[in-house]
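**Student:** What follows is upload_22.tsv, TSV, N, CA and C atoms.
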```tsv
chain	number	residue	atom	x	y	z
A	890	THR	N	88.08	-104.34	205.12
A	890	THR	CA	88.89	-104.50	206.31
A	890	THR	C	89.38	-105.93	206.38
A	891	HIS	N	90.64	-106.09	206.68
A	891	HIS	CA	91.23	-107.41	206.85
A	891	HIS	C	91.86	-107.49	208.22
A	892	THR	N	91.65	-108.60	208.89
A	892	THR	CA	92.29	-108.84	210.17
A	892	THR	C	93.30	-109.94	209.97
A	893	VAL	N	94.51	-109.67	210.38
A	893	VAL	CA	95.57	-110.66	210.21
A	893	VAL	C	96.02	-111.11	211.58
A	894	GLY	N	96.14	-112.41	211.75
A	894	GLY	CA	96.61	-112.97	213.02
A	894	GLY	C	98.12	-112.89	213.09
A	895	ASN	N	98.71	-113.85	213.76
A	895	ASN	CA	100.16	-113.89	213.90
A	895	ASN	C	100.81	-113.88	212.53
A	896	GLN	N	101.86	-113.10	212.42
A	896	GLN	CA	102.51	-112.95	211.13
A	896	GLN	C	103.99	-112.71	211.36
A	897	ALA	N	104.80	-113.35	210.56
A	897	ALA	CA	106.24	-113.14	210.64
A	897	ALA	C	106.76	-112.76	209.26
A	898	VAL	N	107.58	-111.74	209.20
A	898	VAL	CA	108.08	-111.25	207.93
A	898	VAL	C	109.59	-111.08	208.04
A	899	GLY	N	110.31	-111.48	207.00
A	899	GLY	CA	111.74	-111.27	206.98
A	899	GLY	C	112.52	-112.55	207.18
A	900	HIS	N	113.83	-112.43	207.00
A	900	HIS	CA	114.74	-113.57	207.10
A	900	HIS	C	114.69	-114.18	208.50
A	901	ARG	N	114.41	-115.47	208.57
A	901	ARG	CA	114.37	-116.25	209.82
A	901	ARG	C	113.31	-115.75	210.81
A	902	ALA	N	112.31	-115.07	210.31
A	902	ALA	CA	111.24	-114.57	211.18
A	902	ALA	C	110.37	-115.72	211.65
A	903	GLN	N	109.82	-115.60	212.85
A	903	GLN	CA	108.93	-116.61	213.41
A	903	GLN	C	107.74	-115.91	214.05
A	904	ALA	N	106.59	-116.53	213.90
A	904	ALA	CA	105.39	-116.04	214.59
A	904	ALA	C	104.98	-117.12	215.57
A	905	ILE	N	104.92	-116.76	216.82
A	905	ILE	CA	104.60	-117.74	217.85
A	905	ILE	C	103.34	-117.27	218.58
A	906	ALA	N	102.38	-118.17	218.69
A	906	ALA	CA	101.14	-117.85	219.40
A	906	ALA	C	101.15	-118.56	220.73
A	907	GLY	N	100.72	-117.86	221.75
A	907	GLY	CA	100.61	-118.48	223.07
A	907	GLY	C	99.38	-119.36	223.14
A	908	SER	N	99.36	-120.25	224.09
A	908	SER	CA	98.19	-121.11	224.25
A	908	SER	C	97.05	-120.31	224.87
A	909	VAL	N	95.86	-120.76	224.62
A	909	VAL	CA	94.67	-120.11	225.12
A	909	VAL	C	94.20	-120.85	226.36
A	910	SER	N	93.94	-120.11	227.42
A	910	SER	CA	93.46	-120.77	228.63
A	910	SER	C	92.59	-119.83	229.43
A	911	LEU	N	91.76	-120.40	230.25
A	911	LEU	CA	90.91	-119.63	231.15
A	911	LEU	C	91.43	-119.77	232.57
A	912	HIS	N	91.42	-118.67	233.30
A	912	HIS	CA	91.73	-118.75	234.72
A	912	HIS	C	90.50	-119.30	235.42
A	913	PRO	N	90.66	-119.95	236.57
A	913	PRO	CA	89.50	-120.57	237.24
A	913	PRO	C	88.32	-119.62	237.42
A	914	GLN	N	88.58	-118.38	237.87
A	914	GLN	CA	87.45	-117.46	238.06
A	914	GLN	C	86.81	-117.08	236.74
A	915	ASP	N	87.61	-116.98	235.66
A	915	ASP	CA	87.07	-116.69	234.34
A	915	ASP	C	86.20	-117.85	233.86
A	916	ALA	N	86.68	-119.06	234.06
A	916	ALA	CA	85.94	-120.24	233.65
A	916	ALA	C	84.61	-120.33	234.39
A	917	GLU	N	84.64	-120.00	235.66
A	917	GLU	CA	83.41	-120.04	236.47
A	917	GLU	C	82.42	-118.99	235.97
A	918	ARG	N	82.90	-117.78	235.72
A	918	ARG	CA	82.03	-116.70	235.24
A	918	ARG	C	81.47	-117.04	233.86
A	919	THR	N	82.31	-117.57	232.99
A	919	THR	CA	81.86	-117.96	231.66
A	919	THR	C	80.80	-119.05	231.74
A	920	ALA	N	81.00	-120.03	232.62
A	920	ALA	CA	80.01	-121.10	232.79
A	920	ALA	C	78.67	-120.53	233.29
A	921	GLU	N	78.74	-119.58	234.22
A	921	GLU	CA	77.51	-118.93	234.72
A	921	GLU	C	76.78	-118.20	233.60
A	922	LEU	N	77.53	-117.46	232.81
A	922	LEU	CA	76.92	-116.70	231.72
A	922	LEU	C	76.38	-117.61	230.62
A	923	LEU	N	77.07	-118.70	230.35
A	923	LEU	CA	76.58	-119.66	229.37
A	923	LEU	C	75.26	-120.28	229.84
A	924	ALA	N	75.19	-120.61	231.13
A	924	ALA	CA	73.95	-121.14	231.71
A	924	ALA	C	72.83	-120.10	231.62
A	925	ARG	N	73.17	-118.84	231.84
A	925	ARG	CA	72.17	-117.77	231.76
A	925	ARG	C	71.63	-117.65	230.32
A	926	VAL	N	72.52	-117.71	229.34
A	926	VAL	CA	72.09	-117.66	227.94
A	926	VAL	C	71.17	-118.83	227.64
A	927	GLU	N	71.54	-120.01	228.12
A	927	GLU	CA	70.70	-121.20	227.89
A	927	GLU	C	69.32	-121.03	228.54
A	928	ASP	N	69.28	-120.50	229.76
A	928	ASP	CA	68.00	-120.27	230.43
A	928	ASP	C	67.14	-119.27	229.65
A	929	LEU	N	67.74	-118.18	229.23
A	929	LEU	CA	67.00	-117.17	228.47
A	929	LEU	C	66.53	-117.73	227.13
A	930	MET	N	67.35	-118.57	226.53
A	930	MET	CA	66.96	-119.19	225.26
A	930	MET	C	65.71	-120.05	225.47
A	931	THR	N	65.66	-120.76	226.57
A	931	THR	CA	64.50	-121.59	226.87
A	931	THR	C	63.26	-120.73	227.08
A	932	VAL	N	63.41	-119.66	227.85
A	932	VAL	CA	62.28	-118.77	228.15
A	932	VAL	C	61.76	-118.09	226.88
A	933	HIS	N	62.66	-117.68	226.00
A	933	HIS	CA	62.29	-116.90	224.82
A	933	HIS	C	62.30	-117.71	223.53
A	934	ARG	N	62.27	-119.01	223.65
A	934	ARG	CA	62.37	-119.91	222.49
A	934	ARG	C	61.38	-119.55	221.37
A	935	ALA	N	60.16	-119.24	221.74
A	935	ALA	CA	59.12	-118.95	220.75
A	935	ALA	C	59.40	-117.66	219.97
A	936	GLU	N	60.21	-116.77	220.53
A	936	GLU	CA	60.52	-115.50	219.88
A	936	GLU	C	61.69	-115.61	218.90
A	937	LEU	N	62.42	-116.71	218.96
A	937	LEU	CA	63.60	-116.89	218.11
A	937	LEU	C	63.21	-117.43	216.75
A	938	ALA	N	63.84	-116.91	215.71
A	938	ALA	CA	63.56	-117.37	214.35
A	938	ALA	C	64.03	-118.81	214.16
A	939	ASP	N	65.17	-119.17	214.78
A	939	ASP	CA	65.73	-120.50	214.60
A	939	ASP	C	66.30	-121.01	215.93
A	940	PRO	N	65.42	-121.45	216.83
A	940	PRO	CA	65.90	-121.89	218.15
A	940	PRO	C	66.88	-123.07	218.07
A	941	GLU	N	66.74	-123.91	217.07
A	941	GLU	CA	67.67	-125.04	216.93
A	941	GLU	C	69.08	-124.55	216.62
A	942	ALA	N	69.19	-123.49	215.85
A	942	ALA	CA	70.51	-122.92	215.55
A	942	ALA	C	71.16	-122.37	216.82
A	943	VAL	N	70.37	-121.75	217.67
A	943	VAL	CA	70.88	-121.25	218.95
A	943	VAL	C	71.38	-122.42	219.79
A	944	THR	N	70.60	-123.48	219.84
A	944	THR	CA	71.00	-124.67	220.59
A	944	THR	C	72.30	-125.25	220.04
A	945	ARG	N	72.44	-125.31	218.73
A	945	ARG	CA	73.68	-125.83	218.11
A	945	ARG	C	74.89	-124.98	218.48
A	946	GLU	N	74.74	-123.67	218.43
A	946	GLU	CA	75.88	-122.79	218.75
A	946	GLU	C	76.24	-122.87	220.23
A	947	LEU	N	75.24	-122.98	221.08
A	947	LEU	CA	75.52	-123.16	222.51
A	947	LEU	C	76.29	-124.46	222.74
A	948	ARG	N	75.87	-125.51	222.05
A	948	ARG	CA	76.56	-126.80	222.17
A	948	ARG	C	77.99	-126.68	221.66
A	949	ARG	N	78.16	-125.99	220.55
A	949	ARG	CA	79.50	-125.80	219.97
A	949	ARG	C	80.40	-125.05	220.96
A	950	LEU	N	79.85	-124.00	221.58
A	950	LEU	CA	80.62	-123.25	222.58
A	950	LEU	C	81.02	-124.14	223.76
A	951	ARG	N	80.04	-124.88	224.28
A	951	ARG	CA	80.33	-125.77	225.42
A	951	ARG	C	81.41	-126.79	225.05
A	952	ASP	N	81.28	-127.39	223.88
A	952	ASP	CA	82.25	-128.39	223.44
A	952	ASP	C	83.65	-127.79	223.31
A	953	GLU	N	83.71	-126.61	222.71
A	953	GLU	CA	85.02	-125.99	222.51
A	953	GLU	C	85.63	-125.56	223.85
A	954	LEU	N	84.80	-125.04	224.75
A	954	LEU	CA	85.30	-124.64	226.06
A	954	LEU	C	85.76	-125.83	226.89
A	955	ALA	N	85.21	-127.00	226.61
A	955	ALA	CA	85.62	-128.21	227.33
A	955	ALA	C	86.98	-128.72	226.85
A	956	ASP	N	87.40	-128.27	225.68
A	956	ASP	CA	88.70	-128.67	225.13
A	956	ASP	C	89.81	-128.03	225.97
A	957	PRO	N	90.88	-128.77	226.27
A	957	PRO	CA	91.98	-128.18	227.05
A	957	PRO	C	92.62	-126.96	226.36
A	958	GLU	N	92.58	-126.92	225.03
A	958	GLU	CA	93.10	-125.78	224.29
A	958	GLU	C	92.06	-125.32	223.28
A	959	PRO	N	91.07	-124.54	223.74
A	959	PRO	CA	90.00	-124.11	222.83
A	959	PRO	C	90.56	-123.26	221.68
A	960	GLU	N	89.96	-123.43	220.53
A	960	GLU	CA	90.38	-122.72	219.32
A	960	GLU	C	89.70	-121.35	219.26
A	961	PRO	N	90.45	-120.25	219.33
A	961	PRO	CA	89.84	-118.92	219.34
A	961	PRO	C	88.92	-118.64	218.17
A	962	THR	N	89.27	-119.09	216.97
A	962	THR	CA	88.41	-118.80	215.82
A	962	THR	C	87.08	-119.53	215.91
A	963	VAL	N	87.07	-120.73	216.47
A	963	VAL	CA	85.81	-121.46	216.65
A	963	VAL	C	84.94	-120.74	217.67
A	964	LEU	N	85.55	-120.29	218.76
A	964	LEU	CA	84.81	-119.56	219.78
A	964	LEU	C	84.23	-118.27	219.22
A	965	ARG	N	85.05	-117.52	218.51
A	965	ARG	CA	84.60	-116.25	217.94
A	965	ARG	C	83.45	-116.46	216.97
A	966	ARG	N	83.60	-117.46	216.09
A	966	ARG	CA	82.55	-117.74	215.10
A	966	ARG	C	81.25	-118.15	215.79
A	967	ALA	N	81.34	-119.01	216.80
A	967	ALA	CA	80.13	-119.45	217.51
A	967	ALA	C	79.47	-118.27	218.23
A	968	LEU	N	80.27	-117.42	218.85
A	968	LEU	CA	79.70	-116.25	219.54
A	968	LEU	C	79.03	-115.30	218.55
A	969	ASN	N	79.66	-115.09	217.40
A	969	ASN	CA	79.06	-114.21	216.38
A	969	ASN	C	77.74	-114.78	215.88
A	970	ARG	N	77.71	-116.08	215.60
A	970	ARG	CA	76.46	-116.70	215.14
A	970	ARG	C	75.40	-116.64	216.22
A	971	LEU	N	75.80	-116.94	217.44
A	971	LEU	CA	74.86	-116.90	218.56
A	971	LEU	C	74.26	-115.50	218.69
A	972	ASN	N	75.09	-114.50	218.58
A	972	ASN	CA	74.60	-113.12	218.64
A	972	ASN	C	73.63	-112.84	217.52
A	973	ASP	N	73.93	-113.29	216.30
A	973	ASP	CA	73.02	-113.07	215.17
A	973	ASP	C	71.67	-113.75	215.39
A	974	PHE	N	71.70	-114.99	215.86
A	974	PHE	CA	70.45	-115.73	216.08
A	974	PHE	C	69.63	-115.15	217.24
A	975	ALA	N	70.31	-114.51	218.19
A	975	ALA	CA	69.62	-113.97	219.37
A	975	ALA	C	69.00	-112.61	219.12
A	976	GLN	N	69.31	-111.97	218.00
A	976	GLN	CA	68.93	-110.59	217.73
A	976	GLN	C	67.49	-110.19	218.05
A	977	PRO	N	66.49	-110.99	217.79
A	977	PRO	CA	65.14	-110.50	218.08
A	977	PRO	C	64.82	-110.38	219.57
A	978	VAL	N	65.66	-110.93	220.44
A	978	VAL	CA	65.33	-111.00	221.87
A	978	VAL	C	66.36	-110.20	222.67
A	979	THR	N	65.98	-109.01	223.09
A	979	THR	CA	66.90	-108.10	223.77
A	979	THR	C	67.60	-108.71	224.98
A	980	PRO	N	66.89	-109.38	225.90
A	980	PRO	CA	67.60	-109.95	227.06
A	980	PRO	C	68.63	-111.01	226.65
A	981	LEU	N	68.32	-111.75	225.61
A	981	LEU	CA	69.24	-112.78	225.12
A	981	LEU	C	70.46	-112.14	224.46
A	982	VAL	N	70.25	-111.07	223.71
A	982	VAL	CA	71.37	-110.35	223.09
A	982	VAL	C	72.30	-109.79	224.17
A	983	ALA	N	71.72	-109.23	225.23
A	983	ALA	CA	72.52	-108.69	226.32
A	983	ALA	C	73.34	-109.79	227.00
A	984	ALA	N	72.72	-110.94	227.23
A	984	ALA	CA	73.42	-112.05	227.88
A	984	ALA	C	74.54	-112.60	226.99
A	985	VAL	N	74.30	-112.68	225.69
A	985	VAL	CA	75.34	-113.13	224.76
A	985	VAL	C	76.49	-112.13	224.76
A	986	GLY	N	76.18	-110.84	224.82
A	986	GLY	CA	77.21	-109.81	224.89
A	986	GLY	C	78.08	-109.96	226.13
A	987	GLN	N	77.44	-110.23	227.27
A	987	GLN	CA	78.20	-110.44	228.51
A	987	GLN	C	79.07	-111.69	228.40
A	988	LEU	N	78.52	-112.74	227.79
A	988	LEU	CA	79.28	-113.97	227.59
A	988	LEU	C	80.50	-113.70	226.71
A	989	ALA	N	80.30	-112.99	225.62
A	989	ALA	CA	81.41	-112.66	224.71
A	989	ALA	C	82.47	-111.84	225.44
A	990	GLN	N	82.01	-110.90	226.26
A	990	GLN	CA	82.96	-110.06	227.00
A	990	GLN	C	83.77	-110.90	227.99
A	991	SER	N	83.13	-111.87	228.63
A	991	SER	CA	83.84	-112.71	229.60
A	991	SER	C	84.87	-113.60	228.91
A	992	MET	N	84.69	-113.82	227.61
A	992	MET	CA	85.58	-114.70	226.86
A	992	MET	C	86.55	-113.93	225.97
A	993	GLN	N	86.66	-112.61	226.16
A	993	GLN	CA	87.48	-111.77	225.27
A	993	GLN	C	88.89	-112.30	225.05
A	994	GLY	N	89.63	-112.54	226.09
A	994	GLY	CA	91.00	-113.02	225.93
A	994	GLY	C	91.04	-114.40	225.32
A	995	LEU	N	90.03	-115.19	225.63
A	995	LEU	CA	89.99	-116.57	225.16
A	995	LEU	C	89.67	-116.64	223.68
A	996	SER	N	88.82	-115.76	223.21
A	996	SER	CA	88.41	-115.84	221.81
A	996	SER	C	89.28	-114.98	220.89
A	997	GLY	N	90.38	-114.49	221.43
A	997	GLY	CA	91.35	-113.79	220.60
A	997	GLY	C	91.02	-112.34	220.31
A	998	HIS	N	90.11	-111.73	221.07
A	998	HIS	CA	89.77	-110.32	220.87
A	998	HIS	C	90.82	-109.45	221.51
```
As structure tokens, what does this structure read like?
**Tutor:**
Amino acid sequence: THTVGNQAVGHRAQAIAGSVSLHPQDAERTAELLARVEDLMTVHRAELADPEAVTRELRRLRDELADPEPEPTVLRRALNRLNDFAQPVTPLVAAVGQLAQSMQGLSGH
């Protein structure tokens, strides 16, 4: 399976991508969910195979979300990694899923 982003084909074709942005209520909900993931990570730290990797991905997400124009591929990659690292802990997996869902438009899904 291959996923192709913006693509233009033919004479004088152009592919234009819109900017990525969060609406205030989306940003607030995403911040709440990110804080929830961080709290659950702290509570379940001992159950995680690589808690430092989870911390790194959370930091990467926060940094990218702080950017005025977050990069969808960076967000998607960080969410995918975060989900992989969270796998042994069901409440953490559920929270990461909710976070990913709140960021759907932002991460290019």
**Student:** For a quick check of understanding, using only C-alpha atoms, which of A:Glu958, A:Glu936, A:Asp952, A:Glu927 has the smallest distance to A:Gln976?
**Tutor:**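 The shortest atom-to-atom distance to A:Gln976 comes from A:Glu936.
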**Student:** Take atom C of A:Asp956 and atom CA of A:Thr919 and report the distance between them in Å, one decimal.
**Tutor:** 14.0 Å
**Student:** Leaving out A:Ala967 and any residue of its chain fewer than 5 positions from it, which residues lie within 6.5 Å of it when counting all atoms listed in the file, given as number ranges by chain?
**Tutor:** A: 946, 950, 962, 972
**Student:** With N, CA and C atoms retained, write the just-selected residues as an mmCIF file, in the coordinates of the input.
**Tutor:**
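File written: part-v4.cif
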```cif
data_model
loop_
_atom_site.group_PDB
_atom_site.id
_atom_site.type_symbol
_atom_site.label_atom_id
_atom_site.label_comp_id
_atom_site.auth_asym_id
_atom_site.auth_seq_id
_atom_site.Cartn_x
_atom_site.Cartn_y
_atom_site.Cartn_z
ATOM 1 N N GLU A 946 74.740 -123.670 218.430
ATOM 2 C CA GLU A 946 75.880 -122.790 218.750
ATOM 3 C C GLU A 946 76.240 -122.870 220.230
ATOM 4 N N LEU A 950 79.850 -124.000 221.580
ATOM 5 C CA LEU A 950 80.620 -123.250 222.580
ATOM 6 C C LEU A 950 81.020 -124.140 223.760
ATOM 7 N N THR A 962 89.270 -119.090 216.970
ATOM 8 C CA THR A 962 88.410 -118.800 215.820
ATOM 9 C C THR A 962 87.080 -119.530 215.910
ATOM 10 N N ASN A 972 75.090 -114.500 218.580
ATOM 11 C CA ASN A 972 74.600 -113.120 218.640
ATOM 12 C C ASN A 972 73.630 -112.840 217.520
#
```
**Student:** Rounded to one decimal, what separation in Å do you get between atom N of A:Asp939 and atom N of A:Pro959?
**Tutor:**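 Atom-to-atom, atom N of A:Asp939 and atom N of A:Pro959 are spaced 27.9 Å apart.
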